[in-house]
Structure formats: C-alpha cells, structure tokens
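A.B. asks: Can you keep this structure in mind? I'll have questions shortly.
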Amino acid sequence: MDIPLTESRIQKLLNNRWFFIFLVVIAGYFLGNFFFGLTLYKQYLWLFLGIFFIIVFAIGTPILLLLLLLLSIFSRGVFNIMGDITLFDISLIILSGSIIIRKISIKKSFKFRKEGKVFVVFMSIIIFSEALGFIRFPGIFISASFKPFLQLIEYLLVFMCAVYLIRTPKDIKKYVGFEVFCGLLLAVVTLYEANFGIFTFRDQPIFLNTYYPFLGELKINPSLMLLFIPTFWLVVFLARKKLYLFGLIPFLVYIFILSASRSLYLGILGGVIGLLYLKNISRVALVLIICIVVGAFNISFVKPKVSEVYESFEGYFSDPYTFPYSIKKTSTAGRFVLIKTALLLTLRHPFWGYGINGFGMELYSRSDLKDSSGNNVFLDWFGTPLTPFSDTHNQYLQILADHGILALVIFFYLIIKMLKISLNNYKKANDRFLKDVSRALFISLVSLLFAFLGVVLLETDNNITPMIFWFNLGLIYSIKRLVINNKGKNNNRMNHDFLKERENEKV
C-alpha cells in the first residue's frame, strides 16, 4: 500500500508565491540601502559586477578565460572591487576554483612530467628565497616582494586554466584570435593616447600602455612586450590566409619604432633570427623590408635614439665608473650601472637570493649606497621608499640576483624545453592553422629570449600583462596534446572525436 506524500509546512511556505514576493521585497530593501549608501563610483562598480555574475552563470565559467585576456590590457587596481582585489582576481578565482573542484571530484590520479617536476623544484627555490627575504627585510617585504609573489601564483593558475579549457582546434582559433584582438586594441589605444591624451578613471590611467612621466608620449610599459610580441608574430604568420592582416604589420612596426624601446627592438631582432633558424626566408624578407621602410619614414625620430644608445655605450666604457649614473647620464648608461651593481651583489650570495624583487630591497637597504644626506643614490630607480621595486633590466640577471644560480639554470632548462615543445608542435601538426600558431609561439619565445637581455618581464610589480606569457605556455601544451592525441587525423576528425568524448562524459 502506497502512502501518499504530503508537503511539509516548510515546503508549502516556499511554494507560496506571496512568501517569495515577501523575501524579494526584504532582500531588495537591504540591497537598496547597501547600494544607495555607496558612492556613485561604487554603485556603478557593483552594478557592473552583478551583470558580470549573471552573464557568467548564464553562459558558463569558460567565458572568464576570454575575460582575463581582455582585462590584461587594463591597469591593475583601476577597477578595484574591495581593497586591492580586482575584477581580474575575482574572475581568476572563480574560474580556477571551478576547475580545481572538478578535478578533485573526478578523483583521477595524475603524474608530473619531467619538466613539471623540475618546475616544482624551481618554485621551491622561489619560496625558500621568499622566506629569506621576509627574514632579511621584514619591514618592506609584504609590499615589495610578497604581492608580486601572489601575482606569480595567479599566473600559474592562468596556465592551468588554459591547459584545461583549450582542447580543440576550434578553441585554439577562438583564443588565439581574441589574443590578437587584445594586442591590436592596446596598440590602437597606445597610438591614440600618444596624440590625444590618456584615458583615465578616477584620476588613474585605464590602460597599461604608458607611464605618468610620459603622458601624451608614445612610451609603452616594457611588460607590454609580452602581449605585443606574440601579437606581432601571430599576425605575421596568419596573414597568409587573412590578407587584411598584412596591413596591420606596418602599423605594429610603427608602434614599435616610436616606442623607443631598445628591448622591443632586441625582441624583433631575436624573432628574425628565429625565422632564419626555421629557414623561413620569405618572412624574414617581409619583416625586414617593412621595418626598413617604416623606419626610413621616421628617420628624424630614429636617428636621435640611435645616437643616445651609441653615446651611452661610448661614455660607459670611456668614463670612470660612478654612482648612480655615468657622466653622460643617459638611460642606457644607467642600465649598465644597475647591471654591474647586480653582479656585485650577486657575488655576495651566488646560491640564494631574497625573493622576488630581492635585488630592489637589497639595493635600497645598502648603507654604502647612500649619499651624504642619507638618501639612496638609486632613489630615482624605485617606485616609492615603502615599495622599493627596482630591477636589473635583464631577466636572467634578475633571477640570478633574486633566487641564485640554481634557479637561473632551471629557468634556462624550462625555457629551452618550451621552445622544443613548440617546435615539435610545428613539425608534427597536420592542420595548417596549428602549424602557423605553433611557429608564431616558437618565434615569440625566441623574441622574448632576446628581449630578456634588456628588461625584466616576468617579475613585475602591480602588472597583469605577464599572464599573457603563461597563457601562451598553456597554448603550447594544449597544441601538444592535440598533436599527440590526433596524430595523422585532420581538423574535422579532431573536432568529431572531441565532441564524441564530451557526449560520453555527459552519459
């Protein structure tokens, strides 16, 4: 005999529409008081946040990876939600958290690859050096070193999200296309701001392209090379199928030349050398011809910059070594002084450092680098006395100064490993688009190896752009998985297999 099911009092109450209306009114009352008690800026921000969460729940969390790419071109901290927590941080926490929960719920064992084990050792060294930095510089450690360390953790989460979410050639096209769009958008904004003024929000620059001392000038933030360089080479390699992209190559070269970034010039030179390694002479000729033509039309700008570099080289080697600058007092000479100082400090502790920005903290705290008034002679190279962020203007030397010799050796191993993987992806991929993307990513890494000689890109303060570097590493691994799992299969078959796999998961 079946016993009829009866609704409990609580269920009846929940199903009552008037009770539901009552809850909405009460919730609306408290939310209204909260909302209207905020400043106009906060009202707009929370309204935007509410719309953002509705879109995420309607479409799904994978859209957040596209949002992270878009947010990478905006200044960190302009749209703070709470304290130092930004929309970028919230989006990444939601996306990576959902992925981690899924992985845990599956309870599937996993093994580290060889490079994964080496990377764990690398991170262990960084954590150890962070501990030494906290002990050595407790007063300035949190703002000068620990915050950039947390950003490094965020970049690792971006890498994890890219590897997990990008699984098909269609995904590759979508995310690569959006990365190119973000790079070109920032290039357009950079050119506009150089001529018509800075976009600001609450007296802060919205985009990452410039510094306050160079408002109204085409002076890019060096970290933007992590976005500009991959965008440039992706455009070069994808232009064959999309002819309109050829018109964007001179535009990007124009931005590069007028930005007066020596490290960016080194990066493009490194890319040309990478093309020669691949024996891709036609693209070498294309890039060189465009660079020469655009440079010739801007000779009045290029010539003084070349003279400055030459004079600073000549002055450094002919004049005696002095603090804080060479007698010429040019930017290039100042970099030589910082590099030489970093080498001298590294000799004191070659096998360890004081964590991310350990060089800046140590340089600022050295008593023998103070003038007669007690001011640090390198003060012009720091952000503020409370956050003395200074760098060696050389990525390799920065790792050596911040973490020691072993960390630098491991870094070289990991970079070479990623170059090898991207090159193998190019050689083994059957799909033409995957081949072009793999070549562009390989050339981008080679370009960055050269750019690393003149600027620190991976250990930066208060900057989101390095996530593009980790995102592209995730792209390389995703393409590797496609190539291994679909060797000998064409593009349509790869998509078919993936859809079939997703259907099996649903069952």
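So you can find residues: chains in the structure tokens are A, B, ... in the order shown, residues in each start at 1, and ligands are numbered from 1 in order.
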Which residues are close to segment 147-152 of chain A, i.e. within 10 Å by only C-alpha atoms, leaving aside same-chain residues fewer than 5 positions away? Reply as a PyMOL selection string.
C.D. replies: chain A and resi 89+126-127+130+141-142+157-158+355-357+458-464+466-467+470
A.B. asks: Output the selection as a PDB file, in the first residue's frame - N, CA, C and O atoms for each residue.
C.D. replies:
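Writing the result to out.pdb gives the following:
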ATOM      1  N   ASP A  89      41.208  39.419 -10.325  1.00  0.00           N
ATOM      2  CA  ASP A  89      41.405  38.440  -9.259  1.00  0.00           C
ATOM      3  C   ASP A  89      40.145  37.602  -9.040  1.00  0.00           C
ATOM      4  O   ASP A  89      40.220  36.375  -8.931  1.00  0.00           O
ATOM      5  N   ILE A 126      62.065  29.444  -5.201  1.00  0.00           N
ATOM      6  CA  ILE A 126      61.466  30.770  -5.080  1.00  0.00           C
ATOM      7  C   ILE A 126      60.851  30.959  -3.699  1.00  0.00           C
ATOM      8  O   ILE A 126      61.029  31.999  -3.047  1.00  0.00           O
ATOM      9  N   ILE A 127      60.134  29.935  -3.221  1.00  0.00           N
ATOM     10  CA  ILE A 127      59.504  30.025  -1.892  1.00  0.00           C
ATOM     11  C   ILE A 127      60.572  30.148  -0.804  1.00  0.00           C
ATOM     12  O   ILE A 127      60.427  30.927   0.152  1.00  0.00           O
ATOM     13  N   GLU A 130      61.855  33.589  -0.864  1.00  0.00           N
ATOM     14  CA  GLU A 130      60.872  34.479  -0.270  1.00  0.00           C
ATOM     15  C   GLU A 130      60.983  34.473   1.249  1.00  0.00           C
ATOM     16  O   GLU A 130      60.874  35.522   1.900  1.00  0.00           O
ATOM     17  N   PHE A 141      58.895  43.812   3.110  1.00  0.00           N
ATOM     18  CA  PHE A 141      58.727  42.566   2.357  1.00  0.00           C
ATOM     19  C   PHE A 141      57.322  42.427   1.772  1.00  0.00           C
ATOM     20  O   PHE A 141      57.169  42.049   0.601  1.00  0.00           O
ATOM     21  N   ILE A 142      56.281  42.709   2.551  1.00  0.00           N
ATOM     22  CA  ILE A 142      54.912  42.448   2.111  1.00  0.00           C
ATOM     23  C   ILE A 142      54.585  43.206   0.831  1.00  0.00           C
ATOM     24  O   ILE A 142      54.085  42.639  -0.148  1.00  0.00           O
ATOM     25  N   LEU A 157      47.920  29.852 -12.146  1.00  0.00           N
ATOM     26  CA  LEU A 157      46.524  29.454 -12.284  1.00  0.00           C
ATOM     27  C   LEU A 157      46.019  29.725 -13.701  1.00  0.00           C
ATOM     28  O   LEU A 157      45.231  28.938 -14.250  1.00  0.00           O
ATOM     29  N   VAL A 158      46.467  30.829 -14.309  1.00  0.00           N
ATOM     30  CA  VAL A 158      46.103  31.126 -15.701  1.00  0.00           C
ATOM     31  C   VAL A 158      46.617  30.013 -16.617  1.00  0.00           C
ATOM     32  O   VAL A 158      45.902  29.527 -17.508  1.00  0.00           O
ATOM     33  N   GLY A 355      64.240  36.597  -2.696  1.00  0.00           N
ATOM     34  CA  GLY A 355      62.898  36.515  -3.257  1.00  0.00           C
ATOM     35  C   GLY A 355      62.656  37.496  -4.387  1.00  0.00           C
ATOM     36  O   GLY A 355      63.559  38.227  -4.813  1.00  0.00           O
ATOM     37  N   ILE A 356      61.429  37.485  -4.896  1.00  0.00           N
ATOM     38  CA  ILE A 356      61.050  38.398  -5.976  1.00  0.00           C
ATOM     39  C   ILE A 356      61.266  39.841  -5.522  1.00  0.00           C
ATOM     40  O   ILE A 356      60.839  40.232  -4.441  1.00  0.00           O
ATOM     41  N   ASN A 357      61.974  40.608  -6.341  1.00  0.00           N
ATOM     42  CA  ASN A 357      62.380  41.973  -6.010  1.00  0.00           C
ATOM     43  C   ASN A 357      63.394  42.002  -4.872  1.00  0.00           C
ATOM     44  O   ASN A 357      63.586  43.030  -4.231  1.00  0.00           O
ATOM     45  N   LEU A 458      59.002  39.036 -16.292  1.00  0.00           N
ATOM     46  CA  LEU A 458      58.261  38.006 -15.565  1.00  0.00           C
ATOM     47  C   LEU A 458      58.156  38.272 -14.076  1.00  0.00           C
ATOM     48  O   LEU A 458      57.433  37.581 -13.374  1.00  0.00           O
ATOM     49  N   GLU A 459      58.893  39.235 -13.560  1.00  0.00           N
ATOM     50  CA  GLU A 459      58.809  39.583 -12.143  1.00  0.00           C
ATOM     51  C   GLU A 459      58.531  41.081 -12.056  1.00  0.00           C
ATOM     52  O   GLU A 459      59.419  41.881 -11.827  1.00  0.00           O
ATOM     53  N   THR A 460      57.285  41.444 -12.279  1.00  0.00           N
ATOM     54  CA  THR A 460      56.929  42.858 -12.327  1.00  0.00           C
ATOM     55  C   THR A 460      55.998  43.213 -11.180  1.00  0.00           C
ATOM     56  O   THR A 460      55.325  42.361 -10.615  1.00  0.00           O
ATOM     57  N   ASP A 461      55.935  44.467 -10.870  1.00  0.00           N
ATOM     58  CA  ASP A 461      55.148  44.958  -9.752  1.00  0.00           C
ATOM     59  C   ASP A 461      53.819  45.522 -10.245  1.00  0.00           C
ATOM     60  O   ASP A 461      53.793  46.384 -11.112  1.00  0.00           O
ATOM     61  N   ASN A 462      52.724  44.994  -9.683  1.00  0.00           N
ATOM     62  CA  ASN A 462      51.401  45.567  -9.931  1.00  0.00           C
ATOM     63  C   ASN A 462      51.057  45.607 -11.418  1.00  0.00           C
ATOM     64  O   ASN A 462      50.629  46.613 -11.957  1.00  0.00           O
ATOM     65  N   ASN A 463      51.237  44.489 -12.119  1.00  0.00           N
ATOM     66  CA  ASN A 463      51.022  44.446 -13.552  1.00  0.00           C
ATOM     67  C   ASN A 463      50.389  43.115 -13.926  1.00  0.00           C
ATOM     68  O   ASN A 463      50.818  42.070 -13.449  1.00  0.00           O
ATOM     69  N   ILE A 464      49.378  43.143 -14.807  1.00  0.00           N
ATOM     70  CA  ILE A 464      48.676  41.912 -15.191  1.00  0.00           C
ATOM     71  C   ILE A 464      49.263  41.295 -16.457  1.00  0.00           C
ATOM     72  O   ILE A 464      49.122  40.102 -16.691  1.00  0.00           O
ATOM     73  N   PRO A 466      52.002  40.003 -17.590  1.00  0.00           N
ATOM     74  CA  PRO A 466      52.724  38.723 -17.637  1.00  0.00           C
ATOM     75  C   PRO A 466      51.832  37.502 -17.768  1.00  0.00           C
ATOM     76  O   PRO A 466      52.302  36.439 -18.164  1.00  0.00           O
ATOM     77  N   MET A 467      50.536  37.628 -17.473  1.00  0.00           N
ATOM     78  CA  MET A 467      49.653  36.472 -17.622  1.00  0.00           C
ATOM     79  C   MET A 467      49.601  36.010 -19.076  1.00  0.00           C
ATOM     80  O   MET A 467      49.351  34.833 -19.349  1.00  0.00           O
ATOM     81  N   TRP A 470      52.146  33.292 -19.578  1.00  0.00           N
ATOM     82  CA  TRP A 470      51.719  31.999 -19.048  1.00  0.00           C
ATOM     83  C   TRP A 470      50.556  31.431 -19.845  1.00  0.00           C
ATOM     84  O   TRP A 470      50.445  30.203 -20.007  1.00  0.00           O
TER      85      TRP A 470
END
A.B. asks: Which residues are close to Leu227 of chain A, i.e. within 10 Å by only C-alpha atoms, leaving aside same-chain residues fewer than 3 positions away? Reply as an MDAnalysis selection string.
C.D. replies: chainID A and resid 69 72:73 179:180 182:184 186:187 223:224 230:232 444 465:469 472
A.B. asks: Kindly indicate which residue among A:Phe207, A:Ala429, A:Gly177, A:Asn221 lies nearest to Lys242 of chain A, using only C-alpha atoms for the distances.
C.D. replies: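 Of A:Phe207, A:Ala429, A:Gly177, A:Asn221, the one nearest Lys242 of chain A, counting only C-alpha atoms, is A:Gly177.
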A.B. asks: Suppose you want the space between atom CA of Lys170 of chain A and atom CA of Phe228 of chain A; what is it in Å?
C.D. replies: 23.2 Å
A.B. asks: Compare A:Ile99, A:Val483, A:Val287, A:Phe178 by their minimum atom-to-atom distance to Leu70 of chain A, counting only C-alpha atoms, and give me the closest one.
C.D. replies: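 The answer is A:Phe178, which sits nearest to Leu70 of chain A.
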A.B. asks: Determine the nearest neighbour of Asn485 of chain A from the options A:Thr168, A:Asn195, A:Ser91, A:Ser261, counting only C-alpha atoms.
C.D. replies: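 The closest residue to Asn485 of chain A is A:Thr168.
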A.B. asks: Which of these residues is nearest to Val253 of chain A, using only C-alpha atoms: A:Asn280, A:Asn298, A:Ser390, A:Asn425?
C.D. replies: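 Among the listed residues, the smallest separation from Val253 of chain A belongs to A:Asn298.
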A.B. asks: Please, what distance in Å, to one decimal, runs between atom CA of Leu344 of chain A and atom CA of Phe137 of chain A?
C.D. replies: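 About the pair atom CA of Leu344 of chain A and atom CA of Phe137 of chain A: they are 19.4 Å apart.
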A.B. asks: Under the rule that only C-alpha atoms are counted, which of A:Ile172, A:Ser105, A:Ile479, A:His403 is the nearest residue to Tyr426 of chain A?
C.D. replies: A:Ile479
A.B. asks: Please compute the atom CA of Pro138 of chain A-atom CA of Gly334 of chain A distance, one decimal, in Å.
C.D. replies: 28.5 Å
A.B. asks: DSSP on the backbone: what in segment 144-251 of chain A comes out strand (DSSP E or B), as a list in words?
C.D. replies: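 Answer for segment 144-251 of chain A, restricted to strand (DSSP E or B): Thr200, Phe201, Gln204, Pro205 and Phe207 of chain A.
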A.B. asks: Just to be explicit: take each residue in the selection above, keep C-alpha atoms, and write the result as a short mmCIF file (atom, residue, chain, number, x, y, z; two decimals), in the first residue's frame.
C.D. replies:
data_model
loop_
_atom_site.label_atom_id
_atom_site.label_comp_id
_atom_site.auth_asym_id
_atom_site.auth_seq_id
_atom_site.Cartn_x
_atom_site.Cartn_y
_atom_site.Cartn_z
CA THR A 200 41.55 57.95 -17.10
CA PHE A 201 39.17 56.68 -14.47
CA GLN A 204 44.12 56.80 -12.85
CA PRO A 205 45.19 55.64 -16.33
CA PHE A 207 45.26 51.14 -19.87
#
A.B. asks: Taking only C-alpha atoms into account, name the residue in A:Val189, A:Ser365, A:Ile101, A:Ile206 that is nearest to Arg76 of chain A.
C.D. replies: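 The closest residue to Arg76 of chain A is A:Ile206.
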A.B. asks: Mind checking DSSP for segment 204-366 of chain A and telling me the helix (DSSP H, G or I) residues as a PyMOL selection string?
C.D. replies: chain A and resi 212-214+222-238+243-259+262-277+281-297+299-318+331-346+358-365
